[in-house]
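Read the structure below first, then the notes.
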4 protein chains.
Amino acid sequence: MLNIGIIGAGRIGKVHAESISRYVKDAKIKSIADPMMNETTEKWAKSLGVLEVYANYSKILDDKTIDAVLICSSTDTHSQISLEAIAKGKHVFCEKPIDHDIAKIKAVMTALKGSNIKYQVGFNRRFDHNFMAVKSAVESGKIGSLNILKITSRDPAPPPVSYIKVSGGIFLDMTIHDFDMVRYVSGAEAVEVYATGEALVDPAIGEAGDVDTAAIVIKLSDGSIALIDNCRRASYGYDQRVEAFGSLGQVAVSNDTASTAVLSTTDGVISEKPKYFFLERYTDAYVLEITSFIDAIINNKKVMVDVVDGLKPVLIGLAAKTSLAENRPVKLSEIEKLYNL
Amino acid sequence: MLNIGIIGAGRIGKVHAESISRYVKDAKIKSIADPMMNETTEKWAKSLGVLEVYANYSKILDDKTIDAVLICSSTDTHSQISLEAIAKGKHVFCEKPIDHDIAKIKAVMTALKGSNIKYQVGFNRRFDHNFMAVKSAVESGKIGSLNILKITSRDPAPPPVSYIKVSGGIFLDMTIHDFDMVRYVSGAEAVEVYATGEALVDPAIGEAGDVDTAAIVIKLSDGSIALIDNCRRASYGYDQRVEAFGSLGQVAVSNDTASTAVLSTTDGVISEKPKYFFLERYTDAYVLEITSFIDAIINNKKVMVDVVDGLKPVLIGLAAKTSLAENRPVKLSEIEKLYNL
Amino acid sequence: MLNIGIIGAGRIGKVHAESISRYVKDAKIKSIADPMMNETTEKWAKSLGVLEVYANYSKILDDKTIDAVLICSSTDTHSQISLEAIAKGKHVFCEKPIDHDIAKIKAVMTALKGSNIKYQVGFNRRFDHNFMAVKSAVESGKIGSLNILKITSRDPAPPPVSYIKVSGGIFLDMTIHDFDMVRYVSGAEAVEVYATGEALVDPAIGEAGDVDTAAIVIKLSDGSIALIDNCRRASYGYDQRVEAFGSLGQVAVSNDTASTAVLSTTDGVISEKPKYFFLERYTDAYVLEITSFIDAIINNKKVMVDVVDGLKPVLIGLAAKTSLAENRPVKLSEIEKLYNL
Amino acid sequence: MLNIGIIGAGRIGKVHAESISRYVKDAKIKSIADPMMNETTEKWAKSLGVLEVYANYSKILDDKTIDAVLICSSTDTHSQISLEAIAKGKHVFCEKPIDHDIAKIKAVMTALKGSNIKYQVGFNRRFDHNFMAVKSAVESGKIGSLNILKITSRDPAPPPVSYIKVSGGIFLDMTIHDFDMVRYVSGAEAVEVYATGEALVDPAIGEAGDVDTAAIVIKLSDGSIALIDNCRRASYGYDQRVEAFGSLGQVAVSNDTASTAVLSTTDGVISEKPKYFFLERYTDAYVLEITSFIDAIINNKKVMVDVVDGLKPVLIGLAAKTSLAENRPVKLSEIEKLYNL
């Protein structure tokens, strides 16, 4: 029986806690820490059978019976807590991104070197039933060799401008999932990135120095080309589609809906909108993600999303930022050189 | 070069005339007759290069250079004109139904016996791209042996009650197409019919002694079962679907639309309604139907819908009427015996 | 905190046990009884935190701390255990059907009279996201008044003939769910039933006195007409569709699939097959069903599927059996009179 | 009655000739010229009622009774024949492109200045039912202001390498249609183009100096962004899709199929492939295109695709070629300056 500690009891920390308590028989959540720990959270934790709640996460790291920690705290603390947890010999599940600062990710990579620690990064979309179906079709050779990979990724509504200011920008905050998806589906590495964008949804986003609508083209190491389009607001809901086209055919996935109902009236033939919110859309993916992490520990398997998978999308994001700023395609090698990678 | 005469220049007569003039190089329309022949119709006929227009159809039958006639006049004249045309040795395309009176259909059958006359009945749906796809899938064995055949057939709006009073009732006027479709798709014969219905669309239809909403179950000679549902009014348009289910699978066809456009907004994901009107839906089927008839004449092939195909759906319709009236399943053999068939 | 006892630890008993332990915070499974209780089942029960396991279900009924029981034993024991549980004042969730013998259902109804016992019958499809969407569209008036209700219900593969012999026949074993669906969606009662069928899947089913392919037409109390088609084997999986057509439009639901993936190759444009197995298809419905039962107890609400809802589909099933045997439409009133209802 | 002359009796000349003879009552094809005029073509022309056939197109231009000419000859002759036809006062329908040489297009523009000549360019996709539905949804404001426009355009199979060598390259030969579609749907002008590509289908195409797989991003004058992806070979057929996303929603069109048939078997749920060949897909669009041209002449309307619409996609194509060659985004103003536009 694995003992788990959860650091950060916000929205995503709660999702993982409930997934483990419902679906993982070989692990129990022993403790949960959150700097804002309060009565409500404590009550919720108790209802899951959690024994200890703390404000200070060090209590969890100091607990020798804890086998693994889930880092679900704010982004700016991910790399520091990762380093401390690794130093204490804990397995780590770290929400994405590890950091936007490449140096800090490198420090985590260095710390992991030579250890037997399982370190998984929270790119949850790799565990989505639809995207797994695309990956599987590509990997099985059903579409032949990949030529074109298209990703549509649009949020139902933009976050507050205050968040956008500290988020690292659309490419590091939102598109980063799509950069991971490109690597996941293609099995290839990004070689060069061209990115462009505009603030079409909200001028305040433009004033904050970011764009809210973007197009990105990535040349991949296998010669194939990826196209991504993003928008911070899709009136009809969370739009998450992937299409992989190759020498023998194409596999495409569309959105999930709450039901298959189709209403035909004088107004038209009306189906349901995509699920609106990412927690709805990725409910099952979150369960699979966390059970996969625990399975990797218990059965000593490779994690499905390792520290390098955590690093690469950040590099692509930095290339995209440079491309947008300087209006030119940017090679990944240029970014890697900057950081001595 | 075949010379064609068209008897009846109403809606469907015009459709066939235009199809021939556009698509059939080996036939020309020499003459058109209509009791209401007027200037507008004459002008239209001239625009197609038709040489002669008459009020009296006998002029066409008396013309020895005419090879084939299309009987597009009112239903009550079909069998009589058929007999006259056969007597004159003309090939005949007769709009459906030949008649509602079995004795009159038998007279046409008798007249045809031993002749080389091509006699085709106007069950246009056999030439629809969707229904041909179903037929082809069934015939090819792709769904194995047929178990269940389902037909949905709903009109966008009911005809005037005055028409319903003389139409022979829903089973002989509307469902007759579906009875033909059952025979066409299954390749089997009806053995027993159960029919029920209600006047749910318009009580005046009920007062006229008919129903406007119906369900029919037919047991077929190959052991399979057909289910038909009808309604005189579907708010969203002309609803024409067929689904054939067998030991190895199912083939189903849905409606045609004017475009593949899908609009996603806060209101939902909205596709186009089915084509509203039967002439829109079956535009291409009408062309194929009439070119098939002319091809049968020129190349001495069997017609695709012969006089027996014209008779059988009327028999099924009479069985359905009896079933509704007497609230019991009715064997086709019972109806056949009534008419010494 | 409600104490639950589960009687019968077969497939469906296990499903309910896991649903409660995962999703219901206000109830705990105290004990589980199964005549075949063994080490494996005991181990599984312990893993859910169940305190007591028995071979004899009376132990559960005798336990005064038990508030509610789930009767998941074999069909022939449902009514007897129901009576005993009611006598002990337990709330009851009883898997469908209560019995095929109307007298036994009546005994349960009598026992419930005047009590405050919540008695819910296991028609799980009422909790399916798709069928709830149909029900909701009908109830909201979006399709106007109901004219035609169509249900397609086909199993992926037939049960063993040995089971068919004791199942009560296709109408009481399989179509019974569709009879419930007709009542659920329409909100109306069956008035008359016509049923026909054949043994097309397996002649041994015919030899056992049953059919494996069936069509049923039901006239409803609101004048609308329901059509059901069944087959014991659909090569492509579990086919569960409903279509409700009314004066203002239609709502239809199709099958669920494991993903939205569409593969386009030289072979065609290929989507996923329906989920193959009922436990896969109705996973979420089972959770909702059992949480709804517990919610009814805790919050003193009406159960969503009461004892009358358990009775009516059996009556329709008996009418269908009579109809098939005597080849005539059968009025529900005829069956009711037989049983003094 | 308009007299039409057709110059070039290849595949597309024949399509237009048949469309006019079938569907246009106010125009007749008086003469057809083709340098390869032979017996087969003559016979075909006679069957359409064409009076004169020539090897030399000047005969048509010299005929004072000819009102309009259709230039369907090889691309390198388009601009020269256009100039001669304009000089003779004929209305002109010119197949796309007018030329790849901007100077030659400018000469045509100059020749047209001040005249009343109708000059339409053959961008047939503007007359496709699907793309018109997208345009109409955008123009009506249903999707709000345009943010992202996505075009997928893939041919079923590449042309011979010999053709590719003289075609002007993928951007001027194939993507040119998509550049036109961007302008048509958005109603905006291209401002900057980024293009990349690879020879993934056939290395011989790469050796010929071209790519066969491409991605293009275009910034438009209204701030929106267009993404195009192309491939010379899609195993499953001719793939022509457009998706327009805006502040209020999205409109998307998928491919046309020969029927709506869906086959469900143990192999999956299989729909039809897209229509394979552009003449199949755009059958109706070609009719609409040519009737629209004749309508513009007869009713003195603006043509739907004028000479500027013929010029602009070539400019975008040249920008794309420069972008690919120099691996940088290229402003349209840079290309325009080159040609003093």
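Chain identifiers are assigned as A, B, and so on, following the order in which chains appear in the structure tokens; residues are numbered from 1 within each chain, and ligands are numbered from 1 in order of appearance.
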Chain B near chain D within 9 Å: what's each residue's closest atom pair and its distance in Å to one decimal, counting only C-alpha atoms, ordered by chain then ascending residue number, as a tab-separated table?
residue	atom	partner	partner_atom	distance
B:Ser21	CA	D:Arg22	CA	7.8
B:Arg22	CA	D:Arg22	CA	5.0
B:Tyr23	CA	D:Arg22	CA	7.8
B:Lys25	CA	D:Ser47	CA	7.6
B:Ser47	CA	D:Lys25	CA	7.6
B:His129	CA	D:Ser259	CA	5.9
B:Asn130	CA	D:Ser259	CA	5.1
B:Phe131	CA	D:Ala261	CA	8.5
B:Met132	CA	D:Ser259	CA	8.9
B:Ala133	CA	D:Ala261	CA	6.3
B:Val134	CA	D:Ala261	CA	6.9
B:Ala137	CA	D:Leu263	CA	8.2
B:Lys142	CA	D:Thr265	CA	8.3
B:Ile143	CA	D:Thr265	CA	7.4
B:Leu248	CA	D:Thr265	CA	6.2
B:Gly249	CA	D:Thr265	CA	4.5
B:Gln250	CA	D:Ser264	CA	5.1
B:Val251	CA	D:Leu263	CA	4.4
B:Ala252	CA	D:Val262	CA	5.3
B:Val253	CA	D:Ala261	CA	4.5
B:Ser254	CA	D:Thr260	CA	5.8
B:Asn255	CA	D:Thr260	CA	7.2
B:Asp256	CA	D:Thr260	CA	7.3
B:Ala258	CA	D:His129	CA	7.2
B:Ser259	CA	D:Asn130	CA	5.1
B:Thr260	CA	D:Val253	CA	5.2
B:Ala261	CA	D:Val253	CA	4.5
B:Val262	CA	D:Ala252	CA	5.3
B:Leu263	CA	D:Val251	CA	4.4
B:Ser264	CA	D:Gln250	CA	5.1
B:Thr265	CA	D:Gly249	CA	4.5
B:Thr266	CA	D:Gly249	CA	7.3
Take the residues from that selection and put them in a file with N, CA and C atoms, as a compact mmCIF listing (two decimals), in the first residue's frame.
# COMPACT_ATOMS: atom_id res chain seq x y z
N SER B 21 -34.85 16.05 -72.18
CA SER B 21 -34.24 17.01 -73.08
C SER B 21 -32.81 17.34 -72.66
N ARG B 22 -32.52 17.24 -71.38
CA ARG B 22 -31.15 17.54 -70.91
C ARG B 22 -30.20 16.36 -71.03
N TYR B 23 -30.70 15.18 -70.70
CA TYR B 23 -29.76 14.08 -70.46
C TYR B 23 -29.83 12.93 -71.44
N LYS B 25 -29.65 11.60 -75.04
CA LYS B 25 -29.27 11.96 -76.41
C LYS B 25 -29.99 11.11 -77.44
N SER B 47 -39.74 25.65 -75.85
CA SER B 47 -38.38 25.93 -75.36
C SER B 47 -37.57 24.65 -75.23
N HIS B 129 -30.06 7.71 -55.00
CA HIS B 129 -28.69 7.28 -54.67
C HIS B 129 -28.60 6.61 -53.30
N ASN B 130 -29.35 7.12 -52.33
CA ASN B 130 -29.27 6.52 -51.00
C ASN B 130 -29.91 5.14 -50.97
N PHE B 131 -31.10 5.03 -51.51
CA PHE B 131 -31.80 3.74 -51.44
C PHE B 131 -31.11 2.70 -52.32
N MET B 132 -30.51 3.15 -53.43
CA MET B 132 -29.72 2.21 -54.22
C MET B 132 -28.51 1.71 -53.43
N ALA B 133 -27.94 2.58 -52.60
CA ALA B 133 -26.80 2.16 -51.77
C ALA B 133 -27.24 1.09 -50.77
N VAL B 134 -28.44 1.25 -50.21
CA VAL B 134 -28.97 0.24 -49.28
C VAL B 134 -29.19 -1.08 -50.01
N ALA B 137 -25.96 -2.78 -50.79
CA ALA B 137 -25.32 -3.40 -49.62
C ALA B 137 -26.02 -4.70 -49.24
N LYS B 142 -23.31 -7.85 -47.79
CA LYS B 142 -22.52 -7.17 -46.75
C LYS B 142 -23.19 -7.21 -45.38
N ILE B 143 -24.52 -7.28 -45.34
CA ILE B 143 -25.18 -7.35 -44.02
C ILE B 143 -25.68 -8.77 -43.73
N LEU B 248 -25.07 -10.09 -40.51
CA LEU B 248 -23.69 -9.63 -40.45
C LEU B 248 -23.55 -8.14 -40.17
N GLY B 249 -24.66 -7.42 -40.12
CA GLY B 249 -24.54 -6.00 -39.83
C GLY B 249 -25.73 -5.21 -40.31
N GLN B 250 -25.54 -3.92 -40.43
CA GLN B 250 -26.64 -3.03 -40.77
C GLN B 250 -26.17 -1.99 -41.79
N VAL B 251 -27.06 -1.63 -42.70
CA VAL B 251 -26.80 -0.46 -43.54
C VAL B 251 -27.97 0.49 -43.36
N ALA B 252 -27.65 1.77 -43.19
CA ALA B 252 -28.68 2.78 -42.94
C ALA B 252 -28.38 4.00 -43.78
N VAL B 253 -29.44 4.63 -44.28
CA VAL B 253 -29.25 5.91 -44.97
C VAL B 253 -30.11 6.98 -44.31
N SER B 254 -29.53 8.15 -44.21
CA SER B 254 -30.24 9.29 -43.65
C SER B 254 -30.60 10.26 -44.77
N ASN B 255 -31.08 11.42 -44.40
CA ASN B 255 -31.59 12.36 -45.39
C ASN B 255 -30.49 13.14 -46.10
N ASP B 256 -30.81 13.67 -47.25
CA ASP B 256 -29.93 14.58 -47.97
C ASP B 256 -30.15 16.00 -47.47
N ALA B 258 -28.94 20.34 -48.19
CA ALA B 258 -28.46 21.25 -49.23
C ALA B 258 -26.96 21.50 -49.13
N SER B 259 -26.41 21.40 -47.93
CA SER B 259 -24.96 21.52 -47.76
C SER B 259 -24.54 20.75 -46.52
N THR B 260 -23.23 20.60 -46.36
CA THR B 260 -22.70 19.91 -45.17
C THR B 260 -22.42 20.89 -44.02
N ALA B 261 -22.87 22.14 -44.17
CA ALA B 261 -22.52 23.16 -43.18
C ALA B 261 -23.02 22.83 -41.78
N VAL B 262 -22.15 23.05 -40.81
CA VAL B 262 -22.48 22.88 -39.40
C VAL B 262 -22.11 24.17 -38.67
N LEU B 263 -23.09 24.76 -38.02
CA LEU B 263 -22.88 26.02 -37.32
C LEU B 263 -22.85 25.75 -35.82
N SER B 264 -21.78 26.16 -35.17
CA SER B 264 -21.66 25.98 -33.72
C SER B 264 -21.72 27.33 -33.04
N THR B 265 -22.72 27.52 -32.22
CA THR B 265 -22.83 28.79 -31.49
C THR B 265 -23.27 28.47 -30.06
N THR B 266 -23.59 29.49 -29.31
CA THR B 266 -24.11 29.23 -27.96
C THR B 266 -25.42 28.44 -28.01
Run DSSP on the backbone and tell me which residues of range 30-113 of chain C come out as alpha helix (DSSP H); list them as a VMD selection string.
chain C and resid 39 to 47 58 to 62 78 to 87 102 to 112
Using only C-alpha atoms, which residues sit within 7 Å of Lys331 in chain C once same-chain residues fewer than 2 positions away are excluded, as a list in words?
Val191, Glu192, Val193, Pro329, Ser333 and Glu334 of chain C
Which residues, written as an NGL selection string, have at least one atom at most 6 Å from Asp34 in chain A, with only C-alpha atoms counted and residues fewer than 6 positions away on the same chain left out?
:A and (8-9 or 55)
Please produce a file of the residues just selected, as an mmCIF file, in the first residue's frame, where the atoms kept are all heavy atoms.
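The result, written out as selection27.cif:
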data_model
loop_
_atom_site.group_PDB
_atom_site.id
_atom_site.type_symbol
_atom_site.label_atom_id
_atom_site.label_comp_id
_atom_site.auth_asym_id
_atom_site.auth_seq_id
_atom_site.Cartn_x
_atom_site.Cartn_y
_atom_site.Cartn_z
ATOM 1 N N GLY A 8 -0.945 21.017 -2.151
ATOM 2 C CA GLY A 8 -1.825 21.929 -2.890
ATOM 3 C C GLY A 8 -3.212 21.327 -2.987
ATOM 4 O O GLY A 8 -3.394 20.315 -3.647
ATOM 5 N N ALA A 9 -4.196 21.949 -2.323
ATOM 6 C CA ALA A 9 -5.558 21.396 -2.305
ATOM 7 C C ALA A 9 -6.509 22.309 -3.070
ATOM 8 O O ALA A 9 -7.654 22.525 -2.677
ATOM 9 C CB ALA A 9 -6.005 21.186 -0.861
ATOM 10 N N ALA A 55 -0.734 23.025 6.810
ATOM 11 C CA ALA A 55 -0.540 24.243 6.023
ATOM 12 C C ALA A 55 0.825 24.164 5.338
ATOM 13 O O ALA A 55 1.005 24.622 4.216
ATOM 14 C CB ALA A 55 -0.613 25.476 6.909
#
Using backbone DSSP assignments, extract all strand (DSSP E) residues from range 14-246 of chain C; output them as a VMD selection string.
chain C and resid 27 to 33 52 to 54 68 to 71 91 to 95 119 to 122 146 to 154 190 to 198 213 to 220 225 to 231 239 to 246
Restricting the calculation to only C-alpha atoms, which member of A:Leu146, A:Val182, A:Ile294, A:Ala87 is positioned closest to Lys28 in chain A?
A:Ile294
Spatial neighbours of Gly209 in chain D, 10 Å, only C-alpha atoms, chain gap at least 4 places, as a PyMOL selection string:
chain D and resi 164-165+169+199+203-205
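One finds CA of Thr40 in chain D at 25.9 Å from CA of Ile297 in chain B.
In this structure, CA of Lys14 in chain D sits 21.7 Å away from CA of Asp155 in chain D.
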Do a neighbour search on range 99-112 of chain D at 10 Å with only C-alpha atoms, toss out local chain neighbours closer than 4 positions, and write the hits as an MDAnalysis selection string.
chainID D and resid 75:84 86:87 89 95 116:119 167:168 172:173 306:308 310:315 317:318 336 338:341
Would you save the residues of that selection, restricted to C-alpha atoms, as an mmCIF file, in the first residue's frame?
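Saved file out.cif follows:
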data_model
loop_
_atom_site.group_PDB
_atom_site.id
_atom_site.type_symbol
_atom_site.label_atom_id
_atom_site.label_comp_id
_atom_site.auth_asym_id
_atom_site.auth_seq_id
_atom_site.Cartn_x
_atom_site.Cartn_y
_atom_site.Cartn_z
ATOM 1 C CA THR D 75 -2.932 28.332 -69.165
ATOM 2 C CA ASP D 76 -0.124 29.948 -71.146
ATOM 3 C CA THR D 77 -2.618 31.210 -73.743
ATOM 4 C CA HIS D 78 -5.188 32.684 -71.318
ATOM 5 C CA SER D 79 -3.922 36.251 -71.162
ATOM 6 C CA GLN D 80 -3.173 36.577 -74.883
ATOM 7 C CA ILE D 81 -6.584 35.288 -75.969
ATOM 8 C CA SER D 82 -8.183 37.455 -73.273
ATOM 9 C CA LEU D 83 -6.558 40.529 -74.802
ATOM 10 C CA GLU D 84 -7.673 39.592 -78.306
ATOM 11 C CA ILE D 86 -11.463 42.110 -75.275
ATOM 12 C CA ALA D 87 -10.185 43.938 -78.348
ATOM 13 C CA GLY D 89 -15.538 43.501 -77.660
ATOM 14 C CA GLU D 95 -10.370 29.738 -66.730
ATOM 15 C CA ASN D 116 -18.418 47.405 -70.466
ATOM 16 C CA ILE D 117 -17.017 43.957 -70.996
ATOM 17 C CA LYS D 118 -17.909 41.284 -68.437
ATOM 18 C CA TYR D 119 -14.730 39.426 -67.526
ATOM 19 C CA SER D 167 2.605 24.370 -63.263
ATOM 20 C CA GLY D 168 4.230 27.261 -61.451
ATOM 21 C CA LEU D 172 0.183 28.822 -58.045
ATOM 22 C CA ASP D 173 -1.349 25.621 -59.292
ATOM 23 C CA ASP D 306 -13.691 39.679 -61.569
ATOM 24 C CA VAL D 307 -10.225 40.364 -62.931
ATOM 25 C CA VAL D 308 -8.988 41.654 -59.572
ATOM 26 C CA GLY D 310 -8.069 36.765 -60.724
ATOM 27 C CA LEU D 311 -5.009 38.827 -59.840
ATOM 28 C CA LYS D 312 -4.960 38.659 -56.044
ATOM 29 C CA PRO D 313 -4.531 34.910 -55.534
ATOM 30 C CA VAL D 314 -1.564 34.994 -57.901
ATOM 31 C CA LEU D 315 0.036 37.706 -55.770
ATOM 32 C CA GLY D 317 0.906 32.642 -54.453
ATOM 33 C CA LEU D 318 4.028 34.615 -55.320
ATOM 34 C CA GLU D 336 2.960 44.461 -55.023
ATOM 35 C CA LEU D 338 7.851 44.507 -57.191
ATOM 36 C CA TYR D 339 5.127 44.758 -59.817
ATOM 37 C CA ASN D 340 4.257 48.436 -59.353
ATOM 38 C CA LEU D 341 0.775 47.593 -58.109
#
Extract, using only C-alpha atoms, all DNA, RNA and protein residues at most 8 Å from Ile7 in chain B, discarding same-chain residues fewer than 3 positions from it, and format them as a VMD selection string.
chain B and resid 13 32 to 34 57 69 to 73
Gap from CA of Ala85 in chain D to CA of Ile4 in chain D - Å, one decimal:
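Taking CA of Ala85 in chain D and CA of Ile4 in chain D, their separation equals 12.3 Å.
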